[in-house]
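Right, one structure below, let's go through it.
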Amino acid sequence: MSDPAKYKEKLFEEFPAVSEKEWESQIGKDLKGREFEKLIWKTYENIEVDPFYTEKSLESINYLMDSLPGEFPFVRGANSTNNSWRINQEISEADIGLANRLALNCLNGGADSLTFNCEIDDEKCSGTPIQNTEDMALLLDGIDIEKVPIHFKCGSGRIGILSLFINESKRRGGSIKKLSGSLDTDPLKDLTLNGSFTIGEQNSFKELRTLISYLSDYMPNYKGLKVHSSQFHDSGASITQELAFTLAAGVEYLDRLTEMDLRSDQISQQMSFSFSIGSNYFMEIAKLKAARLLWAQILEQYAPNDKSIDPMSIEVRTSTWNKTLYDPYVNLLRGTVETMAGVIAGASSITVRPFDSEYKSPDEFSLRMARNTQLVLKNESYLDRVTDPSAGSYYIENLTNSIAQESWKLFQKIESEGGLVESLKSGAVQDEINNTRKRRDMNIAIRKDTFLGVNQYPNPKENMSTEIQEKGSTIILKKSGNKLNTEDKLSIEYITEYLAGDGVYTGDVLIQNSVGSECSITTLKPYRGAQVFEEVRLTTEQHIRETGHKPKVFLLTIGNSSIRSARASFSSNFFGCAGFEIINNIGFDTPEDGINAAVENNADIVAICSSDDEYLNYAPQITKELKERNPNIKIIIAGNPKEHRNKLEQAGVDDFIHVHSNALETLKKYQEILGMRV
């Protein structure tokens, strides 16, 4: 019988190990004298990423691999047996009956967790309006609530919605101990987005204490506190900023609630973290691994009563920041990359944002596509079967270490300034994020950072202004007229009994903002990175509707065939981002031919595409004759011929576009020149 070990040994003999010095030597040859340091990538997190990593790169960070999956500090995942996760889908449909049908379709199609968006703010409800026991019964009709985790995004209506959920369970004769899911209670998120606590600082933490105390006693599988990262992520924060500020929020809750006589283990068991995941694949995997590591170290300092530490409960949502209105099917690809990152990093639940969410309410098709993104990864790629699939990756382990170190430094800085709330009051958090946001915005404007279909490679046939639909509606909550005091409104037992009656509504039990001193901060401002370019293109589409005229950019290609072709492609891409009509050409033999063709096509802008050395031969004549025939025409050079720039400007050339151009400013400028309301 053959010896398997012998064959294995022979196999590896065919692939001898390559040392770090050998790699460096080969890279040096390939660079042909260029500097090795230029291959080092410096990220928004100020982390220097080397062009290659070897086994030696793990020697100083072995601590990341000393534990097994499911073991403290959980850097290798919370689960010791597999990598399974919940496929969650969010429903925001305003019609309760339709919301129920969508939810059942999701479950029948492979989802095993549901989130209902019934956000209540200032006595108004957006999403699915759940106002009484009949609404809750209709919404959950046909859903086995003891098997399917039910999550509610309910704003300031948390206790009322939870009470209706409890009553629905009791109506069915079930046990509330078997219910699982969560409420999205996160007063600190409300503070960062609204500038103040929605129901007042004191009431916010009283309500949170009430929820955690009740749920830990009666509904231990239902979580009452969710710490979000989205407000930081969507405001332009770096990964280390997002992680540091989210951890600081978690610590703020631990500190405040332990002061209110809750145990730290009681709080941590009721706490889940919701992270946004972007398309920076390896960095996002490392972010979640670093998050579990750092949170475990933080909890260790609180010494829970039972001396055990629970792993961080991580839910993942695909990013909003990088999604686009134009070329929306690319959002499917972005969502797939983000979902894979969440899966490989060991998230316990994942919500994929439907690809069309930026311009309409998701329908059955887009919900199905979002769901199938996860189903393919689970049922065809089997990513749920291997614990910690990224373990030992030279690159990911080093990224995890770097992100953990940089995040911890920033976290400690926030704590030294008094914690997250104090840092928000002083503006320190906002300043940190705004500095990164400015860098991102500039890189988007010069197209160093790409949004496919928006600031690079736009689809000229798209007209999205006709596709944008109003998403959902807001209704005023009903009220019975009954007067309840604040203490009653903070009692889940009382509100559960109250809402079981007839003619009563969740609007009756809303907690009002407390009178007195109130925390006030400068808000964070979530946005999508592609928005600025989308607004440019929407402006062009509006101009076309109002005037019937679509601005024309004529590409006058002449001279060196390969260079003119490359620069024509660049120019087409550049002006296509504004939704202008691009008139391309295979090339002209003489300037006269190009001039005549530009005039015949009624061009608003002519982009001359040639080589740097040939521009002086062609551009002066082309510019002079075109402006004689049409004084309003704009002449642009594709490229940056620095040696000839002054002479070309003197000849009447209006502008130059190249890879370092601020495309956003340039396109806005020409929209204004062409008479658009920018």
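We label chains A, B, ... in the order they appear in the structure tokens, count residues from 1 in each chain, and number ligands from 1 in the order shown.
With only C-alpha atoms taken into account, the protein and nucleic acid residues at most 12 Å from Gln405 in chain A (excluding it and anything under 5 positions from it in its own chain) are Glu45, Asn46, Ile47, Ile61, Thr240, Gln241, Leu243, Ala244, Ala286, Lys287, Ala290, Ala291, Leu293, Leu294, Asn398, Leu399, Thr400, Leu410, Phe411 and Gln412 of chain A.
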Could you save the residues just selected, with C-alpha atoms, as a compact mmCIF listing (two decimals), in the first residue's frame?
```
# COMPACT_ATOMS: atom_id res chain seq x y z
CA GLU A 45 -6.15 54.64 7.48
CA ASN A 46 -2.49 55.75 7.17
CA ILE A 47 -1.51 52.11 6.97
CA ILE A 61 1.90 38.70 14.95
CA THR A 240 -9.90 52.65 11.61
CA GLN A 241 -12.06 55.68 12.45
CA LEU A 243 -13.97 50.89 14.17
CA ALA A 244 -12.56 53.16 16.90
CA ALA A 286 -9.56 42.50 8.58
CA LYS A 287 -11.82 45.20 10.10
CA ALA A 290 -9.90 43.35 14.50
CA ALA A 291 -13.30 44.40 15.90
CA LEU A 293 -10.25 41.12 19.00
CA LEU A 294 -10.50 44.62 20.46
CA ASN A 398 -1.04 41.72 8.78
CA LEU A 399 -3.93 44.00 7.87
CA THR A 400 -5.83 42.79 10.95
CA LEU A 410 -7.68 56.42 18.15
CA PHE A 411 -10.01 54.66 20.61
CA GLN A 412 -7.65 55.48 23.48
```
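Neighbouring residues of Leu247 in chain A at 10 Å or closer, counting only C-alpha atoms and skipping chain neighbours under 5 positions away, are Val227, His228, Ser229, Gln241, Glu242, Glu252, Tyr253, Phe273, Ala291, Leu294, Trp295, Ile298, Ser407, Trp408, Phe411 and Leu420 of chain A.
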- Query: When distances are computed from only C-alpha atoms, which of A:Val330, A:Leu367, A:Thr339, A:His543 shows the smallest separation from Gly453 in chain A?
  - Reply: A:Val330
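From CA of Phe152 in chain A back to CA of Lys124 in chain A, the distance works out to 16.0 Å.
Relative to CA of Asp388 in chain A, CA of Ser348 in chain A is found at 12.6 Å.
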Show which residues sit within 8 Å of range 536-539 of chain A, as a tab-separated table (two decimals) with N, CA and C atoms, in the first residue's frame. Count only C-alpha atoms, and ignore same-chain residues fewer than 6 positions away.
```
chain	number	residue	atom	x	y	z
A	464	MET	N	-31.40	58.35	-16.01
A	464	MET	CA	-31.94	57.90	-14.73
A	464	MET	C	-32.94	58.87	-14.12
A	465	SER	N	-32.98	60.11	-14.61
A	465	SER	CA	-33.93	61.07	-14.02
A	465	SER	C	-35.37	60.61	-14.20
A	577	CYS	N	-19.24	61.48	-18.34
A	577	CYS	CA	-19.67	61.52	-16.93
A	577	CYS	C	-20.70	62.61	-16.69
A	578	ALA	N	-20.76	63.60	-17.56
A	578	ALA	CA	-21.74	64.67	-17.43
A	578	ALA	C	-22.98	64.41	-18.28
A	579	GLY	N	-23.00	63.31	-19.00
A	579	GLY	CA	-24.16	63.01	-19.84
A	579	GLY	C	-24.18	63.76	-21.15
A	667	LEU	N	-16.35	69.72	-15.31
A	667	LEU	CA	-17.66	69.44	-15.89
A	667	LEU	C	-18.70	70.46	-15.42
A	668	LYS	N	-18.65	70.84	-14.16
A	668	LYS	CA	-19.58	71.86	-13.66
A	668	LYS	C	-19.34	73.20	-14.37
A	676	MET	N	-26.51	75.86	-18.22
A	676	MET	CA	-27.26	75.02	-17.29
A	676	MET	C	-27.27	75.64	-15.90
A	677	ARG	N	-28.33	75.35	-15.14
A	677	ARG	CA	-28.42	75.82	-13.76
A	677	ARG	C	-27.69	74.82	-12.87
A	678	VAL	N	-26.47	75.14	-12.53
A	678	VAL	CA	-25.62	74.22	-11.76
A	678	VAL	C	-25.88	74.41	-10.27
```
- Message: Please determine, counting only C-alpha atoms, which residue among A:Phe570, A:Tyr281, A:Phe197, A:Tyr359 has the shortest atom-to-atom distance to Arg447 in chain A.
- Response: A:Phe570
- Query: In Å, with one decimal, what is the gap from CA of Leu325 in chain A to CA of Ser349 in chain A?
  - Reply: 26.1 Å
- Could you find all residues in range 154-384 of chain A that DSSP calls strand (DSSP E) from the backbone, and write them as a VMD selection string? chain A and resid 154 to 155 181 to 183 222 to 223 225 to 228 271 to 277 314 to 318 349 to 351
Residues near Gly142 in chain A, anyone? I mean within 10 Å using only C-alpha atoms, not counting same-chain ones fewer than 5 positions away, as a PDB file with C-alpha atoms, in the first residue's frame.
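Done, and the output landed in part.pdb:
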```pdb
ATOM      1  CA  ASN A 100     -46.358  40.570   4.794  1.00  0.00           C
ATOM      2  CA  ARG A 101     -46.413  39.053   1.290  1.00  0.00           C
ATOM      3  CA  ALA A 103     -41.698  38.875   3.899  1.00  0.00           C
ATOM      4  CA  LEU A 104     -43.225  35.466   3.108  1.00  0.00           C
ATOM      5  CA  ALA A 137     -50.953  40.338  13.460  1.00  0.00           C
TER       6      ALA A 137
END
```
- Which residues, written as a count of residues only, have at least one atom at most 10 Å from Glu300 in chain A, with only C-alpha atoms counted and residues fewer than 5 positions away on the same chain left out? 8
- Members of range 63-288 of chain A assigned helix (DSSP H, G or I) by DSSP, as a PyMOL selection string: chain A and resi 63-65+96-108+133-139+158-171+176-178+187-194+201-218+230-233+239-258+264-269+281-288
Please write the residues from the selection above to a file, keeping C-alpha atoms, as a CSV table (one decimal), in the first residue's frame.
```
chain,number,residue,atom,x,y,z
A,63,TYR,CA,-0.8,36.2,18.7
A,64,LEU,CA,-3.6,36.4,16.1
A,65,MET,CA,-3.3,32.7,15.4
A,96,ILE,CA,-48.9,46.2,5.7
A,97,GLY,CA,-50.5,43.4,3.7
A,98,LEU,CA,-47.9,43.8,0.9
A,99,ALA,CA,-45.1,43.9,3.5
A,100,ASN,CA,-46.4,40.6,4.8
A,101,ARG,CA,-46.4,39.1,1.3
A,102,LEU,CA,-42.9,40.3,0.6
A,103,ALA,CA,-41.7,38.9,3.9
A,104,LEU,CA,-43.2,35.5,3.1
A,105,ASN,CA,-41.6,35.5,-0.4
A,106,CYS,CA,-38.3,36.3,1.2
A,107,LEU,CA,-38.6,33.4,3.6
A,108,ASN,CA,-39.8,31.0,0.9
A,133,THR,CA,-52.4,44.7,17.6
A,134,GLU,CA,-54.2,44.2,14.3
A,135,ASP,CA,-51.4,45.7,12.3
A,136,MET,CA,-48.8,43.4,14.0
A,137,ALA,CA,-51.0,40.3,13.5
A,138,LEU,CA,-51.4,41.2,9.8
A,139,LEU,CA,-47.7,41.9,9.3
A,158,ARG,CA,-39.2,50.9,20.4
A,159,ILE,CA,-41.2,50.0,23.6
A,160,GLY,CA,-44.5,50.2,21.8
A,161,ILE,CA,-43.4,48.0,18.9
A,162,LEU,CA,-41.8,45.5,21.3
A,163,SER,CA,-45.0,45.3,23.3
A,164,LEU,CA,-47.1,44.6,20.2
A,165,PHE,CA,-44.6,41.9,19.3
A,166,ILE,CA,-45.0,40.3,22.7
A,167,ASN,CA,-48.7,40.5,22.5
A,168,GLU,CA,-48.7,38.8,19.1
A,169,SER,CA,-46.6,35.9,20.6
A,170,LYS,CA,-49.1,35.6,23.5
A,171,ARG,CA,-52.1,35.7,21.1
A,176,ILE,CA,-41.7,35.0,24.5
A,177,LYS,CA,-38.5,33.2,25.7
A,178,LYS,CA,-38.3,31.6,22.3
A,187,PRO,CA,-29.3,56.6,21.2
A,188,LEU,CA,-25.7,57.5,20.3
A,189,LYS,CA,-26.5,57.0,16.6
A,190,ASP,CA,-29.5,59.3,17.0
A,191,LEU,CA,-27.3,61.9,18.7
A,192,THR,CA,-24.7,61.8,15.8
A,193,LEU,CA,-27.3,62.2,13.1
A,194,ASN,CA,-29.8,64.5,14.8
A,201,GLU,CA,-30.5,62.1,27.1
A,202,GLN,CA,-31.9,61.0,30.5
A,203,ASN,CA,-35.0,59.3,29.0
A,204,SER,CA,-32.8,57.6,26.3
A,205,PHE,CA,-30.7,55.8,28.8
A,206,LYS,CA,-33.7,55.1,31.1
A,207,GLU,CA,-35.4,53.5,28.2
A,208,LEU,CA,-32.3,51.5,27.3
A,209,ARG,CA,-31.9,50.3,30.8
A,210,THR,CA,-35.6,49.2,30.9
A,211,LEU,CA,-35.2,47.3,27.6
A,212,ILE,CA,-32.0,45.4,28.6
A,213,SER,CA,-33.4,44.6,32.1
A,214,TYR,CA,-36.6,43.2,30.7
A,215,LEU,CA,-35.2,41.4,27.7
A,216,SER,CA,-32.4,39.7,29.7
A,217,ASP,CA,-35.0,38.4,32.2
A,218,TYR,CA,-37.8,37.4,29.9
A,230,SER,CA,-23.1,53.2,9.5
A,231,GLN,CA,-23.3,56.8,10.6
A,232,PHE,CA,-19.5,56.9,10.7
A,233,HIS,CA,-19.0,54.8,7.6
A,239,ILE,CA,-12.0,51.9,8.5
A,240,THR,CA,-9.9,52.7,11.6
A,241,GLN,CA,-12.1,55.7,12.4
A,242,GLU,CA,-15.2,53.7,11.9
A,243,LEU,CA,-14.0,50.9,14.2
A,244,ALA,CA,-12.6,53.2,16.9
A,245,PHE,CA,-15.7,55.3,17.2
A,246,THR,CA,-18.0,52.2,17.1
A,247,LEU,CA,-16.0,50.6,19.9
A,248,ALA,CA,-16.1,53.9,21.8
A,249,ALA,CA,-19.9,53.9,21.5
A,250,GLY,CA,-20.0,50.4,22.9
A,251,VAL,CA,-17.9,51.5,25.9
A,252,GLU,CA,-20.1,54.5,26.4
A,253,TYR,CA,-23.1,52.2,26.8
A,254,LEU,CA,-21.2,49.9,29.2
A,255,ASP,CA,-20.1,52.8,31.4
A,256,ARG,CA,-23.5,54.5,31.5
A,257,LEU,CA,-25.5,51.4,32.0
A,258,THR,CA,-23.3,49.9,34.7
A,264,SER,CA,-21.5,44.4,32.3
A,265,ASP,CA,-22.2,40.8,31.1
A,266,GLN,CA,-25.9,41.5,31.1
A,267,ILE,CA,-25.3,44.5,28.9
A,268,SER,CA,-22.9,42.7,26.5
A,269,GLN,CA,-25.2,39.8,26.0
A,281,TYR,CA,-12.4,43.5,0.3
A,282,PHE,CA,-9.3,42.5,2.3
A,283,MET,CA,-9.5,45.6,4.5
A,284,GLU,CA,-13.1,44.9,5.4
A,285,ILE,CA,-12.3,41.3,6.3
A,286,ALA,CA,-9.6,42.5,8.6
A,287,LYS,CA,-11.8,45.2,10.1
A,288,LEU,CA,-14.3,42.6,11.5
```
